[in-house]
Amino acid sequence: MRKEIAARFAAAATTYDAHSAAQRHAAQRLAERLAALHLPPRPRVLEIGCGTGHLTVLLALHLPGATILASDIAPAMVAACRERLGTNTRIDFAVMDGAQPAVAGPFDLVCGNLVAQWFDDPRAAFAALSALLAPGGVLLLSLPGSETFREWRLAHAAHGLRPGARPLPTSQACLAALPPGDNRIETEHWVDRPPQGIDFLRALRAIGADTPAAGHKPLGAGQLRRVLATLGPTPALTYEFLYLSHRQP
């Protein structure tokens, strides 16, 4: 499954920026939280799931004294991020699975924007990432919560069907998966309004976020038409963004 996720994101590296409004929004909200962290003047930062660099750009802007290691599981995404920011000598780049970080700490900040939903074992991944933190360091993550795309699920349920998306965690499950420390979570609802329901699916593919749950069988053409009709001609798809923070003791 990790290889499939990496392959889909790699294939989407050239189309990601044009279809990633939700990722840009969440990155901006995540970056706004940096001001309250009270990091050292020259923090060492690890970013996981950097994609094409939406959050990386903001990290460099809001933390002008930081040294940043931007990483992603997909080599093509790392290449795209490097192309955008490679002239910044304070930023290094690495191909790495954020769920199994292969890098030495300590870091004052470990962060990731809309990446933790892909972790098969969030508790183990959060523990591995927090182990890279310096004393007092912060793990800061955004991810979509269980209420994300509720309209899509309801449109399926109206026809006795289930969507193929991987299940997303509740805010309570995320908090429970964090290691001991100063743990906090904030929730935000943000609405995407694609021109048509089919554009919603095309956008997910264009950013590489269409890896289905294990064992899912794609809908038939007739089933998909019925679900899209139920979604309506001017659909609204809700994202539930969860913003997690963990401060190491």
# chains A, B, ... in the order shown; residues from 1 in each chain; ligands from 1
$ residues_around --residues "region 156-167 of chain A" --least-positions-apart "4" --cutoff "9 Å" --atoms "only C-alpha atoms" --output "number ranges by chain"
A: 117-118, 146, 151-152, 210-219, 223-224, 226-228, 230-231
$ write_last_selection --atoms "N, CA and C atoms" --output "PDB file, in the first residue's frame"
ATOM      1  N   GLN A 117      -2.907  11.326   7.432  1.00  0.00           N
ATOM      2  CA  GLN A 117      -4.042  10.441   7.135  1.00  0.00           C
ATOM      3  C   GLN A 117      -3.619   9.203   6.366  1.00  0.00           C
ATOM      4  N   TRP A 118      -2.399   9.235   5.811  1.00  0.00           N
ATOM      5  CA  TRP A 118      -1.908   8.088   5.052  1.00  0.00           C
ATOM      6  C   TRP A 118      -1.132   7.101   5.928  1.00  0.00           C
ATOM      7  N   SER A 146     -12.609  12.566  10.227  1.00  0.00           N
ATOM      8  CA  SER A 146     -13.623  11.592   9.817  1.00  0.00           C
ATOM      9  C   SER A 146     -14.862  12.216   9.183  1.00  0.00           C
ATOM     10  N   GLU A 151     -20.776  14.545   2.538  1.00  0.00           N
ATOM     11  CA  GLU A 151     -21.774  14.608   1.471  1.00  0.00           C
ATOM     12  C   GLU A 151     -21.569  13.468   0.468  1.00  0.00           C
ATOM     13  N   TRP A 152     -20.312  13.149   0.206  1.00  0.00           N
ATOM     14  CA  TRP A 152     -19.987  12.062  -0.726  1.00  0.00           C
ATOM     15  C   TRP A 152     -20.445  10.723  -0.155  1.00  0.00           C
ATOM     16  N   ASP A 210      -6.057   9.599  -4.499  1.00  0.00           N
ATOM     17  CA  ASP A 210      -7.157   8.705  -4.842  1.00  0.00           C
ATOM     18  C   ASP A 210      -6.851   7.238  -4.569  1.00  0.00           C
ATOM     19  N   THR A 211      -5.872   6.960  -3.702  1.00  0.00           N
ATOM     20  CA  THR A 211      -5.609   5.564  -3.326  1.00  0.00           C
ATOM     21  C   THR A 211      -6.810   5.029  -2.546  1.00  0.00           C
ATOM     22  N   PRO A 212      -7.464   3.958  -3.026  1.00  0.00           N
ATOM     23  CA  PRO A 212      -8.671   3.476  -2.347  1.00  0.00           C
ATOM     24  C   PRO A 212      -8.344   2.614  -1.134  1.00  0.00           C
ATOM     25  N   ALA A 213      -9.372   2.353  -0.344  1.00  0.00           N
ATOM     26  CA  ALA A 213      -9.230   1.425   0.772  1.00  0.00           C
ATOM     27  C   ALA A 213      -8.951   0.032   0.223  1.00  0.00           C
ATOM     28  N   ALA A 214      -8.253  -0.771   1.016  1.00  0.00           N
ATOM     29  CA  ALA A 214      -7.915  -2.128   0.592  1.00  0.00           C
ATOM     30  C   ALA A 214      -9.184  -2.913   0.289  1.00  0.00           C
ATOM     31  N   GLY A 215      -9.183  -3.600  -0.832  1.00  0.00           N
ATOM     32  CA  GLY A 215     -10.313  -4.453  -1.195  1.00  0.00           C
ATOM     33  C   GLY A 215     -11.465  -3.743  -1.863  1.00  0.00           C
ATOM     34  N   HIS A 216     -11.377  -2.440  -2.038  1.00  0.00           N
ATOM     35  CA  HIS A 216     -12.499  -1.715  -2.646  1.00  0.00           C
ATOM     36  C   HIS A 216     -12.617  -2.029  -4.130  1.00  0.00           C
ATOM     37  N   LYS A 217     -13.856  -2.228  -4.582  1.00  0.00           N
ATOM     38  CA  LYS A 217     -14.124  -2.436  -5.997  1.00  0.00           C
ATOM     39  C   LYS A 217     -14.744  -1.158  -6.556  1.00  0.00           C
ATOM     40  N   PRO A 218     -14.186  -0.632  -7.640  1.00  0.00           N
ATOM     41  CA  PRO A 218     -14.720   0.617  -8.204  1.00  0.00           C
ATOM     42  C   PRO A 218     -16.197   0.482  -8.577  1.00  0.00           C
ATOM     43  N   LEU A 219     -16.905   1.605  -8.493  1.00  0.00           N
ATOM     44  CA  LEU A 219     -18.304   1.623  -8.888  1.00  0.00           C
ATOM     45  C   LEU A 219     -18.437   1.372 -10.383  1.00  0.00           C
ATOM     46  N   GLN A 223     -23.731   3.086 -11.440  1.00  0.00           N
ATOM     47  CA  GLN A 223     -23.690   3.434 -10.020  1.00  0.00           C
ATOM     48  C   GLN A 223     -23.073   4.810  -9.812  1.00  0.00           C
ATOM     49  N   LEU A 224     -21.981   5.078 -10.504  1.00  0.00           N
ATOM     50  CA  LEU A 224     -21.324   6.373 -10.363  1.00  0.00           C
ATOM     51  C   LEU A 224     -22.234   7.501 -10.828  1.00  0.00           C
ATOM     52  N   ARG A 226     -25.454   7.606 -10.709  1.00  0.00           N
ATOM     53  CA  ARG A 226     -26.503   7.814  -9.704  1.00  0.00           C
ATOM     54  C   ARG A 226     -25.955   8.562  -8.492  1.00  0.00           C
ATOM     55  N   VAL A 227     -24.753   8.204  -8.067  1.00  0.00           N
ATOM     56  CA  VAL A 227     -24.148   8.891  -6.919  1.00  0.00           C
ATOM     57  C   VAL A 227     -23.900  10.366  -7.252  1.00  0.00           C
ATOM     58  N   LEU A 228     -23.385  10.635  -8.445  1.00  0.00           N
ATOM     59  CA  LEU A 228     -23.120  12.010  -8.834  1.00  0.00           C
ATOM     60  C   LEU A 228     -24.420  12.803  -8.964  1.00  0.00           C
ATOM     61  N   THR A 230     -27.119  12.313  -7.209  1.00  0.00           N
ATOM     62  CA  THR A 230     -27.558  12.582  -5.838  1.00  0.00           C
ATOM     63  C   THR A 230     -26.727  13.695  -5.209  1.00  0.00           C
ATOM     64  N   LEU A 231     -25.462  13.763  -5.550  1.00  0.00           N
ATOM     65  CA  LEU A 231     -24.598  14.820  -5.027  1.00  0.00           C
ATOM     66  C   LEU A 231     -25.074  16.188  -5.504  1.00  0.00           C
TER      67      LEU A 231
END
$ closest_atom_pairs --of "region 67-152 of chain A" --to "region 182-196 of chain A" --cutoff "9 Å" --atoms "only C-alpha atoms" --output "CSV"
residue,atom,partner,partner_atom,distance
A:Gly145,CA,A:Thr187,CA,8.6
A:Glu147,CA,A:His189,CA,9.0
A:Thr148,CA,A:His189,CA,8.5
$ write_last_selection --atoms "C-alpha atoms" --output "tab-separated table (two decimals), in the first residue's frame"
chain	number	residue	atom	x	y	z
A	145	GLY	CA	-10.80	14.12	9.94
A	147	GLU	CA	-16.28	14.17	8.82
A	148	THR	CA	-14.43	14.97	5.60
$ select_by_dssp --residues "region 32-197 of chain A" --states "helix (DSSP H, G or I)" --output "ChimeraX atom specification"
/A:32-36,54-62,75-85,116-118,122-130,150-157,171-177,197
$ select_by_dssp --residues "region 50-158 of chain A" --states "strand (DSSP E)" --output "mmCIF file with N, CA and C atoms, in the first residue's frame"
data_model
loop_
_atom_site.group_PDB
_atom_site.id
_atom_site.type_symbol
_atom_site.label_atom_id
_atom_site.label_comp_id
_atom_site.auth_asym_id
_atom_site.auth_seq_id
_atom_site.Cartn_x
_atom_site.Cartn_y
_atom_site.Cartn_z
ATOM 1 N N THR A 67 16.781 26.089 9.636
ATOM 2 C CA THR A 67 17.265 25.157 8.619
ATOM 3 C C THR A 67 16.179 24.089 8.473
ATOM 4 N N ILE A 68 15.830 23.785 7.250
ATOM 5 C CA ILE A 68 14.654 22.962 6.963
ATOM 6 C C ILE A 68 15.051 21.757 6.126
ATOM 7 N N LEU A 69 14.581 20.580 6.530
ATOM 8 C CA LEU A 69 14.703 19.377 5.721
ATOM 9 C C LEU A 69 13.302 19.031 5.231
ATOM 10 N N ALA A 70 13.061 19.218 3.930
ATOM 11 C CA ALA A 70 11.760 18.942 3.323
ATOM 12 C C ALA A 70 11.798 17.545 2.714
ATOM 13 N N SER A 71 10.849 16.693 3.104
ATOM 14 C CA SER A 71 10.874 15.298 2.655
ATOM 15 C C SER A 71 9.499 14.866 2.165
ATOM 16 N N ASP A 72 9.501 13.846 1.319
ATOM 17 C CA ASP A 72 8.256 13.277 0.805
ATOM 18 C C ASP A 72 8.530 11.843 0.383
ATOM 19 N N ILE A 91 17.441 25.171 2.960
ATOM 20 C CA ILE A 91 16.514 24.050 2.773
ATOM 21 C C ILE A 91 17.239 22.894 2.089
ATOM 22 N N ASP A 92 17.171 21.716 2.719
ATOM 23 C CA ASP A 92 17.633 20.475 2.109
ATOM 24 C C ASP A 92 16.416 19.609 1.778
ATOM 25 N N PHE A 93 16.634 18.582 0.979
ATOM 26 C CA PHE A 93 15.522 17.770 0.485
ATOM 27 C C PHE A 93 15.875 16.292 0.618
ATOM 28 N N ALA A 94 14.834 15.466 0.876
ATOM 29 C CA ALA A 94 15.067 14.031 1.031
ATOM 30 C C ALA A 94 13.822 13.255 0.631
ATOM 31 N N VAL A 95 14.036 12.109 0.012
ATOM 32 C CA VAL A 95 12.952 11.154 -0.246
ATOM 33 C C VAL A 95 12.841 10.263 0.983
ATOM 34 N N PHE A 107 15.197 17.718 16.238
ATOM 35 C CA PHE A 107 14.561 18.829 15.554
ATOM 36 C C PHE A 107 13.741 19.626 16.567
ATOM 37 N N ASP A 108 13.692 20.922 16.362
ATOM 38 C CA ASP A 108 12.850 21.766 17.199
ATOM 39 C C ASP A 108 11.401 21.733 16.733
ATOM 40 N N LEU A 109 11.200 21.415 15.453
ATOM 41 C CA LEU A 109 9.859 21.321 14.888
ATOM 42 C C LEU A 109 9.836 20.205 13.860
ATOM 43 N N VAL A 110 8.869 19.307 14.006
ATOM 44 C CA VAL A 110 8.556 18.314 12.979
ATOM 45 C C VAL A 110 7.129 18.598 12.540
ATOM 46 N N CYS A 111 6.910 18.772 11.248
ATOM 47 C CA CYS A 111 5.595 19.194 10.794
ATOM 48 C C CYS A 111 5.224 18.501 9.491
ATOM 49 N N GLY A 112 3.924 18.493 9.203
ATOM 50 C CA GLY A 112 3.446 17.893 7.967
ATOM 51 C C GLY A 112 2.038 18.360 7.685
ATOM 52 N N ASN A 113 1.762 18.690 6.440
ATOM 53 C CA ASN A 113 0.458 19.204 6.034
ATOM 54 C C ASN A 113 -0.311 18.151 5.237
ATOM 55 N N LEU A 133 12.314 14.797 18.221
ATOM 56 C CA LEU A 133 12.229 16.149 18.761
ATOM 57 C C LEU A 133 13.261 16.398 19.851
ATOM 58 N N ALA A 134 13.776 17.611 19.882
ATOM 59 C CA ALA A 134 14.588 18.068 21.002
ATOM 60 C C ALA A 134 13.672 18.285 22.205
ATOM 61 N N PRO A 135 14.206 18.331 23.422
ATOM 62 C CA PRO A 135 13.359 18.668 24.584
ATOM 63 C C PRO A 135 12.627 19.984 24.333
ATOM 64 N N GLY A 136 11.318 19.966 24.535
ATOM 65 C CA GLY A 136 10.497 21.142 24.268
ATOM 66 C C GLY A 136 10.129 21.325 22.812
ATOM 67 N N GLY A 137 10.593 20.399 21.937
ATOM 68 C CA GLY A 137 10.277 20.496 20.521
ATOM 69 C C GLY A 137 8.815 20.185 20.253
ATOM 70 N N VAL A 138 8.355 20.548 19.056
ATOM 71 C CA VAL A 138 6.932 20.469 18.723
ATOM 72 C C VAL A 138 6.707 19.626 17.473
ATOM 73 N N LEU A 139 5.712 18.743 17.547
ATOM 74 C CA LEU A 139 5.178 18.023 16.396
ATOM 75 C C LEU A 139 3.884 18.726 16.005
ATOM 76 N N LEU A 140 3.812 19.234 14.777
ATOM 77 C CA LEU A 140 2.666 20.019 14.316
ATOM 78 C C LEU A 140 2.171 19.426 13.002
ATOM 79 N N LEU A 141 0.923 18.948 12.986
ATOM 80 C CA LEU A 141 0.388 18.234 11.834
ATOM 81 C C LEU A 141 -1.022 18.706 11.518
ATOM 82 N N SER A 142 -1.354 18.702 10.252
ATOM 83 C CA SER A 142 -2.752 18.839 9.834
ATOM 84 C C SER A 142 -3.145 17.575 9.076
ATOM 85 N N LEU A 143 -4.405 17.210 9.206
ATOM 86 C CA LEU A 143 -4.919 16.061 8.461
ATOM 87 C C LEU A 143 -6.431 16.158 8.373
ATOM 88 N N PRO A 144 -7.037 15.532 7.359
ATOM 89 C CA PRO A 144 -8.496 15.523 7.271
ATOM 90 C C PRO A 144 -9.085 14.538 8.269
#
$ residues_around --residues "Ala7 (chain A)" --least-positions-apart "5" --cutoff "12 Å" --atoms "only C-alpha atoms" --output "PyMOL selection string"
chain A and resi 1-2+12-13+72-77+205+207-211
$ write_last_selection --atoms "N, CA and C atoms" --output "PDB file, in the first residue's frame"
ATOM      1  N   MET A   1       0.815  -1.200   0.000  1.00  0.00           N
ATOM      2  CA  MET A   1       0.000   0.000   0.000  1.00  0.00           C
ATOM      3  C   MET A   1       0.856   1.261   0.000  1.00  0.00           C
ATOM      4  N   ARG A   2       1.977   1.260   0.763  1.00  0.00           N
ATOM      5  CA  ARG A   2       2.839   2.438   0.798  1.00  0.00           C
ATOM      6  C   ARG A   2       3.412   2.712  -0.598  1.00  0.00           C
ATOM      7  N   ALA A  12       1.292  12.446  -9.867  1.00  0.00           N
ATOM      8  CA  ALA A  12       0.532  13.696  -9.810  1.00  0.00           C
ATOM      9  C   ALA A  12       1.398  14.931  -9.624  1.00  0.00           C
ATOM     10  N   ALA A  13       2.700  14.785  -9.638  1.00  0.00           N
ATOM     11  CA  ALA A  13       3.583  15.915  -9.326  1.00  0.00           C
ATOM     12  C   ALA A  13       3.381  17.102 -10.261  1.00  0.00           C
ATOM     13  N   ASP A  72       9.501  13.846   1.319  1.00  0.00           N
ATOM     14  CA  ASP A  72       8.256  13.277   0.805  1.00  0.00           C
ATOM     15  C   ASP A  72       8.530  11.843   0.383  1.00  0.00           C
ATOM     16  N   ILE A  73       7.495  11.031   0.404  1.00  0.00           N
ATOM     17  CA  ILE A  73       7.628   9.632   0.016  1.00  0.00           C
ATOM     18  C   ILE A  73       7.789   9.473  -1.491  1.00  0.00           C
ATOM     19  N   ALA A  74       7.364  10.487  -2.265  1.00  0.00           N
ATOM     20  CA  ALA A  74       7.397  10.408  -3.727  1.00  0.00           C
ATOM     21  C   ALA A  74       8.562  11.224  -4.278  1.00  0.00           C
ATOM     22  N   PRO A  75       9.515  10.578  -4.960  1.00  0.00           N
ATOM     23  CA  PRO A  75      10.665  11.316  -5.496  1.00  0.00           C
ATOM     24  C   PRO A  75      10.278  12.483  -6.404  1.00  0.00           C
ATOM     25  N   ALA A  76       9.228  12.314  -7.204  1.00  0.00           N
ATOM     26  CA  ALA A  76       8.828  13.388  -8.117  1.00  0.00           C
ATOM     27  C   ALA A  76       8.319  14.609  -7.356  1.00  0.00           C
ATOM     28  N   MET A  77       7.682  14.386  -6.204  1.00  0.00           N
ATOM     29  CA  MET A  77       7.245  15.514  -5.379  1.00  0.00           C
ATOM     30  C   MET A  77       8.445  16.240  -4.782  1.00  0.00           C
ATOM     31  N   ARG A 205      -7.633  12.724  -8.141  1.00  0.00           N
ATOM     32  CA  ARG A 205      -6.645  11.992  -8.949  1.00  0.00           C
ATOM     33  C   ARG A 205      -5.485  12.911  -9.324  1.00  0.00           C
ATOM     34  N   ILE A 207      -4.135  15.254  -7.700  1.00  0.00           N
ATOM     35  CA  ILE A 207      -3.180  15.491  -6.612  1.00  0.00           C
ATOM     36  C   ILE A 207      -2.634  14.183  -6.047  1.00  0.00           C
ATOM     37  N   GLY A 208      -3.062  13.055  -6.592  1.00  0.00           N
ATOM     38  CA  GLY A 208      -2.545  11.763  -6.148  1.00  0.00           C
ATOM     39  C   GLY A 208      -3.219  11.212  -4.910  1.00  0.00           C
ATOM     40  N   ALA A 209      -4.355  11.797  -4.516  1.00  0.00           N
ATOM     41  CA  ALA A 209      -5.012  11.403  -3.267  1.00  0.00           C
ATOM     42  C   ALA A 209      -6.167  10.440  -3.489  1.00  0.00           C
ATOM     43  N   ASP A 210      -6.057   9.599  -4.499  1.00  0.00           N
ATOM     44  CA  ASP A 210      -7.157   8.705  -4.842  1.00  0.00           C
ATOM     45  C   ASP A 210      -6.851   7.238  -4.569  1.00  0.00           C
ATOM     46  N   THR A 211      -5.872   6.960  -3.702  1.00  0.00           N
ATOM     47  CA  THR A 211      -5.609   5.564  -3.326  1.00  0.00           C
ATOM     48  C   THR A 211      -6.810   5.029  -2.546  1.00  0.00           C
TER      49      THR A 211
END
$ atom_distance --atom1 "CA of Ala102 (chain A)" --atom2 "CA of Val45 (chain A)"
14.6 Å
$ atom_distance --atom1 "CA of Glu240 (chain A)" --atom2 "CA of Leu30 (chain A)"
14.0 Å
$ atom_distance --atom1 "CA of Ala27 (chain A)" --atom2 "CA of Glu47 (chain A)"
11.7 Å
$ closest_residue --among "A:Leu178, A:Cys81, A:Ala173, A:Ala6" --to "Gly98 (chain A)" --atoms "only C-alpha atoms"
A:Ala6
$ closest_residue --among "A:Leu37, A:Leu244, A:Ala236, A:Leu114" --to "Phe126 (chain A)" --atoms "only C-alpha atoms"
A:Leu244
$ closest_residue --among "A:Pro101, A:Gly197, A:Pro249, A:Pro106" --to "Ala125 (chain A)" --atoms "only C-alpha atoms"
A:Pro101
